[in-house]
file target-v8.txt (compact mmCIF, C-alpha atoms)
# COMPACT_ATOMS: atom_id res chain seq x y z
CA MET A 1 98.01 90.07 103.01
CA GLU A 2 96.08 91.01 99.88
CA VAL A 3 95.48 94.64 98.95
CA SER A 4 93.81 96.25 95.94
CA LEU A 5 96.32 98.48 94.14
CA ALA A 6 94.10 99.58 91.29
CA ASN A 7 90.38 98.99 91.05
CA GLY A 8 88.50 99.71 87.86
CA ILE A 9 91.01 102.10 86.27
CA THR A 10 89.61 103.10 82.88
CA THR A 11 91.78 106.09 81.92
CA ALA A 12 95.49 106.75 81.64
CA THR A 13 97.04 110.13 82.37
CA PRO A 14 98.66 108.16 84.21
CA THR A 15 96.17 107.04 86.83
CA TYR A 16 97.34 105.43 90.09
CA GLY A 17 95.70 103.33 92.74
CA PRO A 18 96.40 103.84 96.46
CA SER A 19 99.87 103.46 97.91
CA VAL A 20 100.43 100.42 100.13
CA GLY A 21 103.19 99.88 102.72
CA VAL A 22 104.77 96.43 102.25
CA GLN A 23 108.27 96.30 103.68
CA VAL A 24 108.93 94.39 106.88
CA PHE A 25 110.53 96.73 109.42
CA GLY A 26 114.30 96.32 109.47
CA SER A 27 114.43 94.11 106.37
CA THR A 28 117.42 94.65 104.07
CA GLU A 29 116.35 92.11 101.44
CA PRO A 30 113.94 92.93 98.62
CA ILE A 31 110.30 92.05 99.22
CA VAL A 32 108.69 89.84 96.57
CA VAL A 33 105.10 90.78 95.85
CA ASP A 34 102.61 88.98 93.63
CA VAL A 35 100.72 91.40 91.42
CA PHE A 36 97.62 89.83 89.91
CA GLY A 37 94.37 90.95 88.40
CA LYS A 38 92.65 91.26 85.05
CA LEU A 39 92.09 93.44 82.03
CA THR A 40 88.45 93.54 80.97
CA GLY A 41 86.40 95.06 78.15
CA THR A 42 82.91 94.75 76.71
CA SER A 43 83.92 93.78 73.17
CA GLY A 44 86.90 93.52 70.86
CA ALA A 45 90.59 93.79 71.63
CA THR A 46 91.81 95.62 74.72
CA SER A 47 95.28 96.58 75.90
CA ALA A 48 96.87 98.41 78.79
CA THR A 49 100.24 99.18 80.31
CA LEU A 50 100.39 98.68 84.07
CA ILE A 51 103.36 99.99 86.05
CA ILE A 52 104.36 99.01 89.58
CA GLN A 53 106.12 101.80 91.45
CA GLU A 54 108.01 101.93 94.75
CA SER A 55 108.82 104.77 97.13
CA VAL A 56 110.80 105.46 100.27
CA ASP A 57 108.44 108.13 101.58
CA GLY A 58 105.12 107.49 99.82
CA THR A 59 105.55 110.73 97.83
CA THR A 60 108.33 110.31 95.26
CA TYR A 61 108.00 107.09 93.22
CA THR A 62 110.25 105.17 90.83
CA THR A 63 109.10 102.39 88.48
CA ALA A 64 109.94 98.86 89.64
CA ALA A 65 108.18 97.00 86.79
CA THR A 66 106.20 97.60 83.61
CA ILE A 67 103.56 95.04 82.62
CA GLY A 68 102.02 94.98 79.15
CA LEU A 69 98.48 93.57 79.07
CA SER A 70 96.40 92.66 76.04
CA SER A 71 93.33 90.66 75.12
CA THR A 72 92.82 89.74 71.48
CA SER A 73 89.16 88.76 71.78
CA THR A 74 87.27 89.98 68.74
CA ALA A 75 83.91 88.58 69.78
CA ALA A 76 81.18 91.00 70.80
CA VAL A 77 81.14 89.57 74.31
CA PRO A 78 82.84 90.75 77.49
CA SER A 79 86.52 89.84 77.46
CA SER A 80 88.63 89.19 80.54
CA LYS A 81 92.38 88.62 80.50
CA PRO A 82 93.86 87.59 83.86
CA PHE A 83 97.51 88.21 84.68
CA ALA A 84 99.96 87.40 87.47
CA VAL A 85 103.56 88.53 87.89
CA GLN A 86 106.08 88.71 90.72
CA VAL A 87 107.88 91.99 91.37
CA LYS A 88 110.77 92.61 93.76
CA VAL A 89 110.63 95.93 95.60
CA ARG A 90 113.22 97.42 97.95
CA LYS A 91 111.26 100.38 99.24
CA PRO A 92 108.42 100.42 101.79
CA TYR A 93 105.62 101.84 99.61
CA VAL A 94 104.16 100.28 96.45
CA ARG A 95 101.44 101.38 94.05
CA ALA A 96 100.12 100.38 90.63
CA GLY A 97 99.35 102.76 87.80
CA VAL A 98 97.95 102.58 84.31
CA THR A 99 99.93 104.60 81.76
CA ALA A 100 98.09 103.45 78.62
CA ILE A 101 94.74 101.78 78.01
CA SER A 102 92.60 101.14 74.93
CA GLY A 103 89.56 99.15 73.88
CA THR A 104 85.81 99.34 74.35
CA THR A 105 85.23 100.06 78.07
CA ALA A 106 88.66 98.61 78.91
CA THR A 107 89.27 98.41 82.66
CA VAL A 108 92.26 97.25 84.73
CA TYR A 109 91.98 95.62 88.15
CA ALA A 110 95.19 94.87 90.06
CA ASN A 111 95.87 93.42 93.49
CA LEU A 112 99.00 92.83 95.53
CA ARG A 113 99.90 89.91 97.77
CA MET A 114 103.16 89.49 99.65
CA ALA A 115 104.87 86.33 98.39
call {"tool": "encode", "arguments": {"input": "target-v8.txt", "output": "structure tokens"}}
result
Amino acid sequence: MEVSLANGITTATPTYGPSVGVQVFGSTEPIVVDVFGKLTGTSGATSATLIIQESVDGTTYTTAATIGLSSTSTAAVPSSKPFAVQVKVRKPYVRAGVTAISGTTATVYANLRMA
């Protein structure tokens, strides 16, 4: 299963993508999810902080992981920095959020896949 957690987030206040249910019913072990995507910008260096959050009820979230993203391209061409990380979650709802972002038209795309 592959689901988009954050698509084209360009601001941070923080900004969150949709919540996704991932836990297998009755499971007592943590679920490992692959979080992958890219940080893009039109020129120069870009950076962002992506957080992965989990929730029991889909309303109240806690942070499961914080991912720092950066691209050091200084060329005046579009930059794209892919990333991939595994996160263990113990609660049935997961979402991604951007808490900081900078750079010329910097954008974060993140997807989730159950490992």
call {"tool": "residues_around", "arguments": {"input": "target-v8.txt", "residues": "segment 80-85 of chain A", "least_positions_apart": "2", "cutoff": "6 Å", "atoms": "all atoms listed in the file", "output": "PyMOL selection string"}}
result
chain A and resi 34-40+71
call {"tool": "atom_distance", "arguments": {"input": "target-v8.txt", "atom1": "atom CA of Thr15 of chain A", "atom2": "atom CA of Glu29 of chain A"}}
result
29.0 Å
call {"tool": "residues_around", "arguments": {"input": "target-v8.txt", "residues": "Val20 of chain A", "least_positions_apart": "3", "cutoff": "7 Å", "atoms": "all atoms listed in the file", "output": "PyMOL selection string"}}
result
chain A and resi 93-95
call {"tool": "write_last_selection", "arguments": {"input": "target-v8.txt", "atoms": "C-alpha atoms", "output": "PDB file, in the coordinates of the input"}}
result
ATOM      1  CA  TYR A  93     105.620 101.840  99.610  1.00  0.00           C
ATOM      2  CA  VAL A  94     104.160 100.280  96.450  1.00  0.00           C
ATOM      3  CA  ARG A  95     101.440 101.380  94.050  1.00  0.00           C
TER       4      ARG A  95
END
call {"tool": "atom_distance", "arguments": {"input": "target-v8.txt", "atom1": "atom CA of Glu54 of chain A", "atom2": "atom CA of Gly68 of chain A"}}
result
18.1 Å
call {"tool": "closest_residue", "arguments": {"input": "target-v8.txt", "among": "A:Ser70, A:Thr62, A:Ser43, A:Thr49", "to": "Arg90 of chain A", "atoms": "only C-alpha atoms"}}
result
A:Thr62
call {"tool": "atom_distance", "arguments": {"input": "target-v8.txt", "atom1": "atom CA of Ile52 of chain A", "atom2": "atom CA of Pro30 of chain A"}}
result
14.5 Å
call {"tool": "closest_residue", "arguments": {"input": "target-v8.txt", "among": "A:Thr72, A:Gln86, A:Ala45, A:Lys91", "to": "Asp57 of chain A", "atoms": "all atoms listed in the file"}}
result
A:Lys91
call {"tool": "closest_residue", "arguments": {"input": "target-v8.txt", "among": "A:Thr46, A:Val98, A:Val87, A:Pro92", "to": "Thr59 of chain A", "atoms": "all atoms listed in the file"}}
result
A:Pro92
call {"tool": "closest_residue", "arguments": {"input": "target-v8.txt", "among": "A:Val108, A:Ser47, A:Met114, A:Ala64", "to": "Gly8 of chain A", "atoms": "all atoms listed in the file"}}
result
A:Val108
call {"tool": "closest_residue", "arguments": {"input": "target-v8.txt", "among": "A:Tyr109, A:Tyr16, A:Val33, A:Ser102", "to": "Tyr61 of chain A", "atoms": "only C-alpha atoms"}}
result
A:Tyr16
call {"tool": "closest_residue", "arguments": {"input": "target-v8.txt", "among": "A:Ser55, A:Ala65, A:Ala48, A:Arg113", "to": "Ile9 of chain A", "atoms": "all atoms listed in the file"}}
result
A:Ala48
